[in-house]
Each structure stands twice: as structure tokens, then as C-alpha cells.
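Colleague: Just protein03.txt, nothing more (compact mmCIF, C-alpha atoms):
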# COMPACT_ATOMS: atom_id res chain seq x y z
CA MET A 1 10.61 -11.14 -7.24
CA LEU A 2 7.63 -8.91 -7.96
CA LYS A 3 6.33 -9.55 -11.46
CA ASN A 4 3.50 -7.43 -12.84
CA GLY A 5 1.63 -7.51 -9.55
CA ARG A 6 0.87 -11.25 -9.85
CA ALA A 7 0.58 -13.45 -6.77
CA PHE A 8 3.90 -14.76 -5.57
CA TRP A 9 5.42 -16.30 -2.49
CA VAL A 10 8.26 -15.04 -0.36
CA VAL A 11 9.51 -16.15 2.99
CA CYS A 12 10.01 -13.12 5.19
CA ALA A 13 10.41 -13.04 8.97
CA GLY A 14 9.05 -16.57 9.19
CA LEU A 15 5.92 -15.75 7.16
CA ALA A 16 5.06 -16.88 3.64
CA MET A 17 3.12 -14.24 1.72
CA SER A 18 1.32 -13.97 -1.58
CA ALA A 19 0.00 -10.78 -3.09
CA PRO A 20 -3.59 -11.46 -2.02
CA THR A 21 -2.99 -13.72 0.98
CA VAL A 22 -0.67 -14.35 3.89
CA ALA A 23 -0.45 -17.93 5.19
CA MET A 24 1.01 -18.33 8.65
CA GLY A 25 3.78 -20.91 8.92
CA GLN A 26 3.73 -21.89 5.26
CA VAL A 27 6.81 -22.06 3.03
CA ALA A 28 7.01 -21.00 -0.57
CA ALA A 29 6.46 -24.42 -2.10
CA LYS A 30 3.49 -25.38 0.02
CA LYS A 31 -0.16 -24.80 -0.70
CA PRO A 32 -1.69 -21.96 1.40
CA ALA A 33 -3.37 -23.13 4.56
CA ALA A 34 -7.09 -22.78 5.01
CA ALA A 35 -6.36 -20.17 7.66
CA ALA A 36 -4.62 -17.91 5.15
CA VAL A 37 -5.79 -14.31 5.38
CA SER A 38 -5.84 -11.46 2.91
CA ILE A 39 -2.84 -9.15 3.10
CA ARG A 40 -5.43 -6.41 3.68
CA GLU A 41 -6.41 -8.12 6.90
CA ALA A 42 -2.88 -9.00 8.03
CA SER A 43 -1.13 -7.39 10.98
CA LEU A 44 0.84 -4.19 10.57
CA GLU A 45 4.06 -6.14 11.08
CA THR A 46 3.16 -8.53 8.26
CA ARG A 47 2.14 -5.71 5.93
CA LEU A 48 5.39 -3.86 6.66
CA ALA A 49 7.36 -7.00 5.81
CA TYR A 50 5.48 -7.22 2.51
CA VAL A 51 6.17 -3.53 1.77
CA ARG A 52 9.88 -3.97 2.45
CA THR A 53 9.94 -6.79 -0.08
CA ILE A 54 8.40 -4.45 -2.66
CA LEU A 55 10.90 -1.69 -1.88
CA ARG A 56 13.80 -4.13 -2.22
CA ASN A 57 12.68 -4.62 -5.81
CA THR A 58 11.82 -1.07 -6.89
CA PRO A 59 13.29 2.31 -5.88
CA LEU A 60 11.35 4.64 -3.63
CA VAL A 61 11.93 8.10 -5.14
CA ASP A 62 10.84 11.09 -3.05
CA GLY A 63 10.09 14.25 -5.01
CA HIS A 64 10.95 16.93 -2.48
CA ASN A 65 13.27 17.17 0.52
CA ASP A 66 14.47 20.57 1.78
CA LEU A 67 17.62 19.36 3.53
CA PRO A 68 19.92 21.86 1.72
CA TRP A 69 17.91 24.80 3.06
CA ALA A 70 17.66 23.24 6.54
CA MET A 71 21.46 22.97 6.50
CA ARG A 72 21.76 26.60 5.52
CA GLU A 73 19.51 27.71 8.37
CA ALA A 74 21.28 25.49 10.91
CA ALA A 75 24.83 26.57 10.06
CA LYS A 76 26.46 29.79 11.25
CA ASP A 77 28.27 29.76 7.94
CA PRO A 78 25.57 29.08 5.34
CA LEU A 79 27.98 27.03 3.24
CA ASP A 80 29.41 24.97 6.10
CA VAL A 81 27.93 21.54 5.45
CA VAL A 82 30.61 19.75 7.47
CA ALA A 83 29.00 20.87 10.75
CA TYR A 84 25.76 19.09 9.77
CA ASP A 85 26.78 15.43 9.90
CA LEU A 86 24.27 13.10 8.27
CA ARG A 87 25.99 10.05 9.74
CA ARG A 88 24.71 11.14 13.14
CA PRO A 89 21.10 11.70 14.23
CA THR A 90 20.12 15.22 13.16
CA ALA A 91 17.72 17.64 14.79
CA GLY A 92 15.77 17.67 11.54
CA MET A 93 13.90 14.98 9.63
CA THR A 94 16.70 13.58 7.49
CA ASP A 95 19.88 11.63 8.14
CA ILE A 96 21.49 8.58 6.60
CA ALA A 97 20.22 6.04 9.14
CA ARG A 98 16.64 7.22 8.73
CA LEU A 99 16.92 7.31 4.93
CA ARG A 100 18.04 3.68 5.05
CA LYS A 101 15.22 2.72 7.41
CA GLY A 102 12.76 4.44 5.10
CA MET A 103 14.23 2.49 2.16
CA VAL A 104 14.73 5.62 0.05
CA GLY A 105 16.27 4.70 -3.30
CA GLY A 106 16.18 8.07 -5.05
CA GLN A 107 15.77 11.66 -3.89
CA PHE A 108 15.07 14.99 -5.53
CA TRP A 109 16.89 17.38 -3.18
CA SER A 110 15.15 20.75 -3.30
CA VAL A 111 17.53 23.64 -3.90
CA TYR A 112 14.87 26.07 -2.71
CA ILE A 113 15.40 29.80 -2.31
CA PRO A 114 12.71 32.16 -0.93
CA GLY A 115 10.81 34.17 -3.49
CA GLU A 116 10.58 37.07 -1.05
CA VAL A 117 14.36 37.54 -0.69
CA ARG A 118 15.90 39.29 -3.65
CA ASP A 119 19.24 40.20 -2.07
CA SER A 120 21.40 41.46 -4.94
CA GLY A 121 19.49 39.08 -7.19
CA TYR A 122 18.32 35.52 -6.72
CA ALA A 123 21.18 33.93 -8.64
CA ARG A 124 23.81 34.08 -5.87
CA ILE A 125 21.61 32.32 -3.31
CA GLN A 126 20.45 29.78 -5.90
CA LEU A 127 24.02 28.95 -6.86
CA GLU A 128 24.94 28.58 -3.20
CA GLN A 129 22.07 26.16 -2.62
CA ILE A 130 23.13 24.06 -5.61
CA ASP A 131 26.66 24.11 -4.21
CA ILE A 132 25.46 22.94 -0.78
CA ALA A 133 23.47 20.07 -2.27
CA LYS A 134 26.35 18.96 -4.50
CA ARG A 135 28.85 19.02 -1.66
CA VAL A 136 26.53 17.04 0.60
CA ILE A 137 26.16 14.39 -2.11
CA ALA A 138 29.93 14.30 -2.65
CA ARG A 139 30.63 14.07 1.09
CA TYR A 140 28.93 10.68 1.42
CA PRO A 141 29.90 8.77 -1.77
CA ASP A 142 29.04 5.42 -0.16
CA VAL A 143 25.43 6.62 0.28
CA PHE A 144 24.64 9.23 -2.41
CA VAL A 145 25.33 9.25 -6.14
CA PRO A 146 24.72 12.28 -8.39
CA ALA A 147 21.87 11.47 -10.77
CA PHE A 148 20.71 13.31 -13.88
CA THR A 149 18.58 10.69 -15.65
CA ALA A 150 16.15 7.93 -14.80
CA ALA A 151 18.86 5.42 -15.74
CA ASP A 152 21.22 7.06 -13.23
CA VAL A 153 18.68 6.55 -10.43
CA ARG A 154 18.21 2.90 -11.34
CA LYS A 155 21.96 2.33 -11.51
CA ALA A 156 22.48 3.92 -8.09
CA TYR A 157 19.64 1.84 -6.66
CA ALA A 158 21.19 -1.35 -8.05
CA GLN A 159 24.40 -0.39 -6.22
CA GLY A 160 22.54 0.10 -2.94
CA LYS A 161 22.94 3.89 -3.09
CA ILE A 162 20.53 6.82 -3.28
CA GLY A 163 20.38 8.45 -6.70
CA SER A 164 20.40 12.17 -5.93
CA LEU A 165 18.78 14.69 -8.26
CA LEU A 166 18.31 18.45 -7.86
CA GLY A 167 14.97 20.22 -8.05
CA MET A 168 14.62 24.00 -8.17
CA GLU A 169 11.67 25.41 -6.22
CA GLY A 170 10.55 28.63 -7.81
CA GLY A 171 10.95 30.21 -11.24
CA HIS A 172 11.94 33.48 -9.59
CA ALA A 173 15.48 32.06 -9.61
CA ILE A 174 15.81 32.47 -13.39
CA GLU A 175 15.15 36.22 -13.07
CA ASN A 176 13.15 36.29 -16.32
CA SER A 177 16.07 34.80 -18.27
CA LEU A 178 15.96 31.65 -20.40
CA GLY A 179 19.74 31.75 -20.46
CA ALA A 180 19.75 31.40 -16.68
CA LEU A 181 17.28 28.52 -16.98
CA ARG A 182 19.64 26.71 -19.33
CA SER A 183 22.58 27.32 -17.00
CA TYR A 184 20.71 25.81 -14.05
CA TYR A 185 19.93 22.75 -16.14
CA GLU A 186 23.62 22.36 -16.95
CA LEU A 187 24.37 22.58 -13.21
CA GLY A 188 22.11 19.59 -12.65
CA ALA A 189 18.58 20.90 -11.97
CA ARG A 190 16.11 18.35 -13.32
CA TYR A 191 12.85 20.01 -12.37
CA MET A 192 11.76 23.55 -11.69
CA THR A 193 8.65 24.51 -9.75
CA LEU A 194 7.29 27.36 -11.87
CA THR A 195 6.47 29.47 -8.82
CA HIS A 196 6.88 29.27 -5.09
CA ASN A 197 4.52 31.39 -2.96
CA VAL A 198 5.12 34.62 -4.87
CA THR A 199 3.46 35.51 -8.18
CA LEU A 200 6.10 36.21 -10.84
CA ASP A 201 6.15 38.52 -13.83
CA TRP A 202 5.12 35.50 -15.91
CA ALA A 203 3.24 33.04 -13.66
CA ASP A 204 0.67 33.19 -10.86
CA ALA A 205 1.29 31.47 -7.53
CA ALA A 206 -1.43 29.60 -5.63
CA ASN A 207 -0.90 31.58 -2.42
CA ASP A 208 -0.47 35.05 -3.92
CA VAL A 209 -2.61 37.53 -5.81
CA PRO A 210 -2.97 36.46 -9.48
CA ARG A 211 -1.78 39.10 -11.91
CA ASN A 212 -1.24 37.20 -15.15
CA ASN A 213 -4.39 35.11 -15.63
CA GLY A 214 -2.10 32.09 -15.40
CA LEU A 215 0.96 32.04 -17.66
CA THR A 216 2.01 34.96 -19.82
CA ALA A 217 3.49 34.43 -23.29
CA PHE A 218 6.93 34.36 -21.70
CA GLY A 219 5.72 31.84 -19.11
CA LYS A 220 4.60 29.53 -21.89
CA GLU A 221 8.01 29.96 -23.52
CA VAL A 222 9.62 28.90 -20.22
CA VAL A 223 7.59 25.67 -20.34
CA ARG A 224 8.58 25.03 -23.95
CA GLU A 225 12.25 25.64 -23.20
CA MET A 226 12.09 23.30 -20.20
CA ASN A 227 10.66 20.65 -22.52
CA ARG A 228 13.53 21.18 -24.94
CA LEU A 229 16.10 20.93 -22.17
CA GLY A 230 14.58 17.84 -20.55
CA MET A 231 13.77 19.66 -17.29
CA ILE A 232 10.51 18.49 -15.71
CA VAL A 233 7.82 21.16 -15.31
CA ASP A 234 6.73 21.14 -11.64
CA LEU A 235 3.30 22.67 -10.99
CA ALA A 236 3.31 22.55 -7.19
CA HIS A 237 2.66 26.03 -5.73
CA THR A 238 1.07 27.32 -8.96
CA SER A 239 -2.46 28.60 -9.46
CA PRO A 240 -5.06 26.36 -11.15
CA ALA A 241 -4.88 28.61 -14.22
CA VAL A 242 -1.13 28.00 -14.50
CA MET A 243 -1.67 24.27 -14.04
CA SER A 244 -4.27 24.20 -16.81
CA GLN A 245 -2.29 26.32 -19.27
CA ALA A 246 0.96 24.45 -18.61
CA LEU A 247 -0.81 21.15 -19.35
CA SER A 248 -2.01 22.63 -22.64
CA VAL A 249 1.46 23.87 -23.62
CA THR A 250 3.79 21.15 -22.42
CA GLU A 251 4.95 18.38 -24.73
CA ALA A 252 6.29 16.29 -21.84
CA PRO A 253 4.77 14.86 -18.64
CA VAL A 254 4.66 17.17 -15.62
CA ILE A 255 4.79 16.67 -11.87
CA TRP A 256 3.57 18.25 -8.68
CA SER A 257 6.68 17.59 -6.56
CA HIS A 258 4.79 18.05 -3.27
CA ALA A 259 1.03 18.56 -3.34
CA ALA A 260 -2.27 16.92 -2.40
CA ALA A 261 -5.87 16.66 -3.63
CA ARG A 262 -8.13 19.69 -3.36
CA GLY A 263 -11.14 17.39 -3.48
CA ILE A 264 -10.15 16.15 -0.01
CA THR A 265 -8.60 19.26 1.54
CA ASP A 266 -9.79 22.52 -0.01
CA VAL A 267 -6.72 24.76 0.17
CA PRO A 268 -5.10 26.73 -2.68
CA ARG A 269 -1.93 24.59 -2.73
CA ASN A 270 -3.78 21.41 -3.64
CA VAL A 271 -4.68 20.09 -7.09
CA PRO A 272 -8.30 20.45 -8.28
CA ASP A 273 -10.15 17.40 -9.61
CA SER A 274 -10.48 19.05 -13.04
CA ILE A 275 -6.69 19.06 -13.30
CA LEU A 276 -6.31 15.52 -11.95
CA ALA A 277 -8.67 14.32 -14.69
CA ARG A 278 -6.22 15.57 -17.33
CA LEU A 279 -3.23 13.61 -16.05
CA PRO A 280 -3.84 10.35 -17.95
CA LYS A 281 -3.45 12.20 -21.26
CA ASN A 282 -0.33 14.06 -20.10
CA GLY A 283 1.23 11.17 -18.18
CA GLY A 284 2.09 13.37 -15.20
CA VAL A 285 2.31 12.55 -11.50
CA VAL A 286 1.09 14.22 -8.29
CA MET A 287 3.69 13.47 -5.61
CA MET A 288 1.81 13.32 -2.33
CA THR A 289 3.04 15.69 0.34
CA PHE A 290 2.87 15.25 4.11
CA VAL A 291 2.08 18.85 5.11
CA PRO A 292 -0.63 18.60 7.83
CA GLY A 293 -2.54 21.66 6.62
CA PHE A 294 -2.70 20.24 3.10
CA VAL A 295 -3.78 16.71 4.02
CA SER A 296 -6.33 17.42 6.79
CA GLN A 297 -9.27 19.77 6.36
CA ALA A 298 -9.54 20.03 10.16
CA VAL A 299 -5.92 21.21 10.39
CA ALA A 300 -6.43 23.63 7.49
CA ASN A 301 -9.55 25.07 9.12
CA TYR A 302 -7.71 25.41 12.42
CA GLY A 303 -4.89 27.32 10.72
CA ALA A 304 -7.37 29.78 9.24
CA GLN A 305 -9.01 30.15 12.63
CA VAL A 306 -5.67 30.87 14.31
CA THR A 307 -4.95 33.59 11.76
CA ALA A 308 -8.32 35.22 12.41
CA VAL A 309 -7.79 35.04 16.19
CA ARG A 310 -4.33 36.60 15.89
CA ASP A 311 -5.71 39.43 13.79
CA SER A 312 -8.45 40.06 16.31
CA ILE A 313 -6.03 39.99 19.26
CA ALA A 314 -3.64 42.34 17.48
CA LYS A 315 -6.45 44.86 17.21
CA ARG A 316 -7.29 44.45 20.92
CA PHE A 317 -3.66 44.90 22.02
CA PRO A 318 -2.00 47.15 19.44
CA ASN A 319 1.78 47.52 19.85
CA ASP A 320 1.79 45.10 22.83
CA ASN A 321 3.54 41.95 21.64
CA ASP A 322 3.61 40.39 25.11
CA ALA A 323 -0.13 40.74 25.57
CA GLN A 324 -0.74 39.40 22.08
CA PHE A 325 1.46 36.36 22.72
CA LYS A 326 -0.25 35.53 26.02
CA ALA A 327 -3.74 35.97 24.53
CA VAL A 328 -2.97 33.67 21.61
CA ALA A 329 -1.42 31.09 23.98
CA ALA A 330 -4.50 31.21 26.20
CA TRP A 331 -6.76 30.66 23.19
CA ARG A 332 -4.67 27.69 22.05
CA GLU A 333 -4.97 26.05 25.47
CA THR A 334 -8.71 25.77 25.01
CA HIS A 335 -8.50 25.04 21.28
CA PRO A 336 -5.99 22.21 20.76
CA THR A 337 -4.49 21.69 17.33
CA PRO A 338 -6.12 18.88 15.33
CA ILE A 339 -3.85 16.01 14.31
CA ALA A 340 -3.30 14.92 10.72
CA THR A 341 -2.86 11.16 10.35
CA ILE A 342 -1.55 8.58 7.90
CA SER A 343 -5.18 7.78 7.16
CA ASP A 344 -5.65 11.37 5.95
CA VAL A 345 -2.69 11.01 3.58
CA ALA A 346 -4.03 7.69 2.31
CA ASP A 347 -7.41 9.33 1.66
CA HIS A 348 -5.70 11.76 -0.71
CA LEU A 349 -3.86 8.98 -2.51
CA ASP A 350 -7.10 7.03 -2.89
CA HIS A 351 -8.76 10.13 -4.31
CA ILE A 352 -6.00 10.86 -6.81
CA LYS A 353 -6.00 7.21 -7.82
CA LYS A 354 -9.78 7.34 -8.35
CA ILE A 355 -9.71 10.50 -10.48
CA ALA A 356 -6.39 10.21 -12.35
CA GLY A 357 -5.38 6.57 -11.90
CA ALA A 358 -2.70 4.72 -9.97
CA ALA A 359 -0.12 5.54 -12.65
CA HIS A 360 -0.28 9.21 -11.67
CA VAL A 361 0.68 9.21 -7.98
CA GLY A 362 4.04 9.55 -6.26
CA ILE A 363 5.62 10.61 -2.97
CA GLY A 364 6.92 14.13 -2.18
CA GLY A 365 7.10 14.35 1.59
CA ASP A 366 8.54 17.90 1.93
CA PHE A 367 10.62 16.74 4.89
CA ASP A 368 12.87 19.40 6.42
CA GLY A 369 10.71 21.98 4.69
CA ILE A 370 7.89 21.71 7.24
CA THR A 371 7.65 22.51 10.95
CA GLU A 372 4.70 20.24 11.77
CA THR A 373 4.26 16.63 10.69
CA VAL A 374 1.58 14.04 10.08
CA GLN A 375 1.25 11.59 12.96
CA GLY A 376 3.18 8.51 11.90
CA LEU A 377 5.04 10.32 9.12
CA GLU A 378 7.48 12.36 11.17
CA ASP A 379 10.65 11.82 9.13
CA VAL A 380 12.20 9.98 6.18
CA SER A 381 12.19 6.65 8.01
CA THR A 382 8.40 6.34 7.91
CA TYR A 383 7.51 5.76 4.23
CA PRO A 384 6.88 2.00 4.64
CA THR A 385 4.15 2.69 7.22
CA LEU A 386 2.16 4.66 4.63
CA PHE A 387 2.54 1.84 2.11
CA ALA A 388 1.31 -0.62 4.75
CA GLU A 389 -1.81 1.53 5.21
CA LEU A 390 -2.44 1.46 1.47
CA LEU A 391 -2.07 -2.33 1.42
CA LYS A 392 -4.87 -2.46 3.98
CA ARG A 393 -6.98 -0.42 1.57
CA GLY A 394 -6.44 -2.84 -1.30
CA TRP A 395 -3.57 -1.29 -3.24
CA THR A 396 -1.74 -3.92 -5.27
CA ALA A 397 2.01 -4.54 -5.44
CA THR A 398 2.08 -3.06 -8.95
CA GLU A 399 0.28 0.09 -7.78
CA LEU A 400 2.64 0.47 -4.83
CA LYS A 401 5.67 0.10 -7.09
CA GLY A 402 4.29 2.91 -9.22
CA LEU A 403 3.68 5.10 -6.19
CA ALA A 404 7.14 4.38 -4.82
CA GLY A 405 9.10 5.47 -7.85
CA GLU A 406 8.16 3.84 -11.13
CA ASN A 407 5.65 6.56 -11.99
CA VAL A 408 8.01 9.50 -11.47
CA LEU A 409 10.87 7.68 -13.20
CA ARG A 410 8.53 7.25 -16.17
CA VAL A 411 7.97 11.03 -16.13
CA LEU A 412 11.72 11.69 -15.99
CA LYS A 413 12.34 9.26 -18.84
CA GLY A 414 9.51 10.91 -20.78
CA ALA A 415 11.09 14.35 -20.32
CA GLU A 416 14.39 12.94 -21.58
CA SER A 417 12.74 11.40 -24.66
CA VAL A 418 10.86 14.59 -25.54
CA SER A 419 14.08 16.57 -25.12
CA ALA A 420 15.97 14.25 -27.45
CA LEU A 421 13.41 14.93 -30.19
CA LEU A 422 13.08 18.67 -29.62
CA ARG A 423 16.82 19.30 -29.52
CA LYS A 424 16.98 17.99 -33.09
CA SER A 425 14.27 20.32 -34.36
CA ARG A 426 14.15 23.32 -32.04
CA PRO A 427 17.04 25.68 -31.26
CA SER A 428 17.52 27.33 -27.87
CA SER A 429 14.97 30.08 -27.41
CA THR A 430 16.31 33.63 -27.59
CA LYS A 431 12.98 35.25 -26.77
CA THR A 432 12.82 37.65 -23.84
CA ILE A 433 10.06 38.73 -21.52
CA GLN A 434 10.37 42.20 -23.03
CA GLN A 435 9.67 40.85 -26.51
CA LEU A 436 6.85 38.54 -25.46
CA ASP A 437 5.16 40.44 -22.63
CA GLY A 438 6.41 43.96 -23.05
CA ARG A 439 8.18 43.83 -19.68
CA ARG A 440 11.77 44.44 -18.78
CA PRO A 441 14.06 41.41 -19.19
Let me see whether you can do it: turn the structure in this file into C-alpha cells.

Modeller:
Amino acid sequence: MLKNGRAFWVVCAGLAMSAPTVAMGQVAAKKPAAAAVSIREASLETRLAYVRTILRNTPLVDGHNDLPWAMREAAKDPLDVVAYDLRRPTAGMTDIARLRKGMVGGQFWSVYIPGEVRDSGYARIQLEQIDIAKRVIARYPDVFVPAFTAADVRKAYAQGKIGSLLGMEGGHAIENSLGALRSYYELGARYMTLTHNVTLDWADAANDVPRNNGLTAFGKEVVREMNRLGMIVDLAHTSPAVMSQALSVTEAPVIWSHAAARGITDVPRNVPDSILARLPKNGGVVMMTFVPGFVSQAVANYGAQVTAVRDSIAKRFPNDNDAQFKAVAAWRETHPTPIATISDVADHLDHIKKIAGAAHVGIGGDFDGITETVQGLEDVSTYPTLFAELLKRGWTATELKGLAGENVLRVLKGAESVSALLRKSRPSSTKTIQQLDGRRP
């Protein structure tokens, strides 16, 4: 068993291992041989065996998987989840066999809806996405268990199942209504990303034009009401001003369900060092994403270059889509796309650990929400390989347990504890955006 990161011995695949050393051919009761080597210097196979031992003793909880939206896009009938069979290999990044291989013990399923698509209102699409996720969970009761609390995730993990939580991606879904926010919580949503890519009436998005200088008065009320409910405030996709103000307002730990470090890759979606430095006081967690353009500066620079080239070509061949396509393809042939690697992801985790501490990192792969992947992290089966890379860099068993799931489960438990106190002293908020910001409700 893993106990507080102390050295221990296990026999795995014919190898006896301790936290700092691996002794070839030794058994648990024997003294390590002189030829014993540090786990950092061990082979990939040996490090993977060590990681699997860790993940058999602590749940790996991923913060963000877009399977429900991938199902919607793949199905002719958006609500037909039967046609997308997770017991078979899927065309996407997630299925049951690969979840098992990746040793996933808990999953926040993103019930994302686009911020650009209003339809007749966001609520219908949001309710459909929650319905899809719930029916997927119910369809495979031997694999998935609905989870609403940290204790639920641990119970599911003890049963060999995947505790399945729901995470809303984008505050546009509440349509400026705290009543809608409360209803989504009752339907099972346990975090809400304050914005997606579109700036709202009450919060600025990282990839849109800021209009609110961060959070408005109503935006701060949303954070307070989420605290009262026990819904985790997710700051992925938000502007640095929103991040800073939310940290000042919140009474509970926060998360970034899928983000990376801006100090390594300077793109708007990543978390600045000034924000990372505030996490120890808040207790929050940055859940490391695997989006190539967020984890590799070379990939990010290439993406910006492609955009500039496309704009230039569009001006050269106005109204000629075929010519534009061929010109862009020709440019790409002589300018190959850089590759993001596991080492790049590990660099971000090392950086977050250095600035905020190992207690403030997690995993939020964004699988099935991305079209390009990090080399070596192509789907949900690959998590152990990242952990093996971190072992090579000197991460301890205790730190890896925190990264896997203990840190985010602490945040979830913290949100539950804050909620229990606030519900005794604070009634449901009846304030509207009209009252607080002078805007229509």
C-alpha cells in the first residue's frame, strides 16, 4: 500500500520496487541489491508498473471530457446515444476499454454547449446535454456510477467503477438567471466554467473582447451562489481579471478544469504565474490539459502563423475558395506542424508545482473536445505514460496521488463543506442582473 509517500516494497511483474529505488530480482523481504537503481533511472516499463500500483490505490479523476458533445455530433439524432457504443472501439478518444487501460477512477463529463449558438435559448441544448450524459452513465451500470460528492467518487472507485460527475462549460447556459443555476445544480452539475470562449453580460472570456473589466456585480453574485450551492467555480476559459476577482470573492476552492501554465506557453487560455501564486491560500487546483496549442509554444506560434497566412491568401484570392485551399495546403507542405510532446505537458506540471505547489495540480485532458493531440497522449488510455514521465523527473508517490485525484477531490470536499456552512446562514440569492448591473435579466 502507498502510505504518505514513504518507501515501500511491492512485487510487480517480477520486479521489487521502493519509492526511491528499484532492485532487479529482489523480493519484498530482502535487502535491496547493490545494483538497485533510482526509480527515476528505471526503464519506462518499470516506471509504468510503479504508476499502476499508485493508481490501484488512489483514483485518477479527470476534470474534463467532452464525450457527450462528441456523441451529439456523431449521431444523426442528437439524443441517440445507443448508436455510439462505448463497449466497442470508438472513432473518438474515449471508450470503456481505453478508460480501463488508462486506469480512470473518476470523470467529470463536460455537458458543454457552444456560447455562440443561442437557438431559442441555451437552456434546451443544455438540458439535452445533461440528458445525454445521464443516459450514457445509466447505460453502462457495471462501469459508470452517478457521483455528486467526493465520497461518491471514492465509493465508486472502491467498487471498481468510474464515479461520473457533470461539469457545465460556460455560464451562458444560465441565461443571467440564478434560478437556472440552482436548477442545473439540482440536475447534477458540480462545476460550472464561468465562461467559454464568449464574453458574457457578467464575465469576460480569455479569447474574446473584455467588456466587464472582469466580473460585474452580478458575476460576483454568481460566484457566491455557487459557493452556497456547493458547485465548484471553474476558471478555465476566463480572463485573468475574472480569475483574480473570483479568487477574491470565492469562499471555496476553485479549479481550472482544463488549462495550462502561461509561464510556459503564452496564450490567453493559460493561467498566469500571478494567479498560480494565489492558489495555496485558496486551495484550488489547475487541471492540466492536453491541448497541443496550449502546452507547446512552438505549436501555438504555428497556429498564429497559419491564421496570418490564411488571411493573406484570402486577400490574394478573394471569393475563390478553391485557390485559397490549394495555397494554404502548399504553404503547409513546406511548413510542417510542430509536435507537442509528453515532455511539454510535464514542463507545465513542473512549473505549476514550482509556483503553486504539488497540492494544486490535477488532470483535465479535454479528450473528445480536441481535434489534435499531444504525441503519446492521444486518448484516455495514456494517462499512466504521463505519470511515468513525472516519475523520471523526481515526482514522489504522494505528489502523483495528488495529481491523479486527491487534490481535486479535496477541492470538491471543500466546496461541500463551505456549502454546508453557507446554507445555514445564507438564503438563496434573489438578486438579478438588472438590479445589480442595470441590465435586462

Colleague: Would you kindly return, as JSON, numbers by chain, each protein, DNA or RNA residue with an atom no farther than 6 Å from any atom of region 352-369 of chain A, considering all atoms listed in the file and excluding same-chain residues fewer than 4 positions away?

Modeller: {"A": [62, 63, 64, 65, 66, 67, 93, 257, 258, 276, 277, 279, 284, 285, 286, 287, 288, 289, 290, 399, 403, 407]}

Colleague: From the list A:Tyr383, A:Phe218, A:Tyr122, A:Tyr112, which residue is nearest Leu48 (chain A) when using all atoms listed in the file?

Modeller: A:Tyr383

Colleague: Just the number, please: distance in Å from CA of Gln245 (chain A) to CA of Pro280 (chain A), one decimal.

Modeller: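 A separation of 16.1 Å between them.
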
Colleague: May I ask which of the residues A:Ser429, A:Gln435, A:Thr385, A:Thr341 is the closest one to Met103 (chain A), counting all atoms listed in the file?

Modeller: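 Of A:Ser429, A:Gln435, A:Thr385, A:Thr341, the one nearest Met103 (chain A), counting all atoms listed in the file, is A:Thr385.
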
Colleague: Calculated over all atoms listed in the file, which of the candidates A:Gly402, A:Pro89, A:Pro114, A:Gly105 has the smallest distance to Ala156 (chain A)?

Modeller: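 Distance minimum relative to Ala156 (chain A) lands on A:Gly105.
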
Colleague: Extract, using all atoms listed in the file, all DNA, RNA and protein residues at most 7 Å from Val418 (chain A), discarding same-chain residues fewer than 3 positions from it, and format them as a PyMOL selection string.

Modeller: chain A and resi 227+252+414-415+421-422

Colleague: Just to confirm, what's the straight-line distance from CA of Arg310 (chain A) to CA of Val328 (chain A) in Å (one decimal)?

Modeller: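 Answer for the CA of Arg310 (chain A) to CA of Val328 (chain A) separation: 6.6 Å.
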
Colleague: Would you kindly return, as a count of residues only, each protein, DNA or RNA residue with an atom no farther than 12 Å from any atom of Ala97 (chain A), considering all atoms listed in the file and excluding same-chain residues fewer than 2 positions away?

Modeller: 20

Colleague: Would you mind telling me which residue in A:Arg154, A:Lys424, A:Lys401, A:Lys392 lies nearest to Ile39 (chain A) when using only C-alpha atoms?

Modeller: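 Among the listed residues, the smallest separation from Ile39 (chain A) belongs to A:Lys392.
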
Colleague: Just the number, please: distance in Å from CA of Ile232 (chain A) to CA of Val411 (chain A), one decimal.

Modeller: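 We find that CA of Ile232 (chain A) and CA of Val411 (chain A) lie 7.9 Å from each other.
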
Colleague: From the options A:Ser296, A:Lys220, A:Val267, A:Val249, which residue's atoms come nearest to His237 (chain A), counting only C-alpha atoms?

Modeller: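 Among A:Ser296, A:Lys220, A:Val267, A:Val249, it is A:Val267 that comes nearest to His237 (chain A).
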
Colleague: Please determine, counting all atoms listed in the file, which residue among A:His351, A:His172, A:Leu178, A:Ala346 has the shortest atom-to-atom distance to Val271 (chain A).

Modeller: A:His351

Colleague: In the coordinates of the file, take the point (15.4, -3.8, -0.3) and a cut-off of 12 Å; then, counting only C-alpha atoms, name each qualifying protein, DNA or RNA residue as a list in words.

Modeller: Met1, Ala49, Tyr50, Val51, Arg52, Thr53, Ile54, Leu55, Arg56, Asn57, Thr58, Pro59, Leu60, Arg100, Lys101, Gly102, Met103, Val104, Gly105, Tyr157, Ala158, Gln159, Gly160, Lys161 and Pro384 of chain A

Colleague: Save out the residues we just selected, C-alpha atoms, as a tab-separated table (two decimals), in the frame of the given file.

Modeller:
chain	number	residue	atom	x	y	z
A	1	MET	CA	10.61	-11.14	-7.24
A	49	ALA	CA	7.36	-7.00	5.81
A	50	TYR	CA	5.48	-7.22	2.51
A	51	VAL	CA	6.17	-3.53	1.77
A	52	ARG	CA	9.88	-3.97	2.45
A	53	THR	CA	9.94	-6.79	-0.08
A	54	ILE	CA	8.40	-4.45	-2.66
A	55	LEU	CA	10.90	-1.69	-1.88
A	56	ARG	CA	13.80	-4.13	-2.22
A	57	ASN	CA	12.68	-4.62	-5.81
A	58	THR	CA	11.82	-1.07	-6.89
A	59	PRO	CA	13.29	2.31	-5.88
A	60	LEU	CA	11.35	4.64	-3.63
A	100	ARG	CA	18.04	3.68	5.05
A	101	LYS	CA	15.22	2.72	7.41
A	102	GLY	CA	12.76	4.44	5.10
A	103	MET	CA	14.23	2.49	2.16
A	104	VAL	CA	14.73	5.62	0.05
A	105	GLY	CA	16.27	4.70	-3.30
A	157	TYR	CA	19.64	1.84	-6.66
A	158	ALA	CA	21.19	-1.35	-8.05
A	159	GLN	CA	24.40	-0.39	-6.22
A	160	GLY	CA	22.54	0.10	-2.94
A	161	LYS	CA	22.94	3.89	-3.09
A	384	PRO	CA	6.88	2.00	4.64
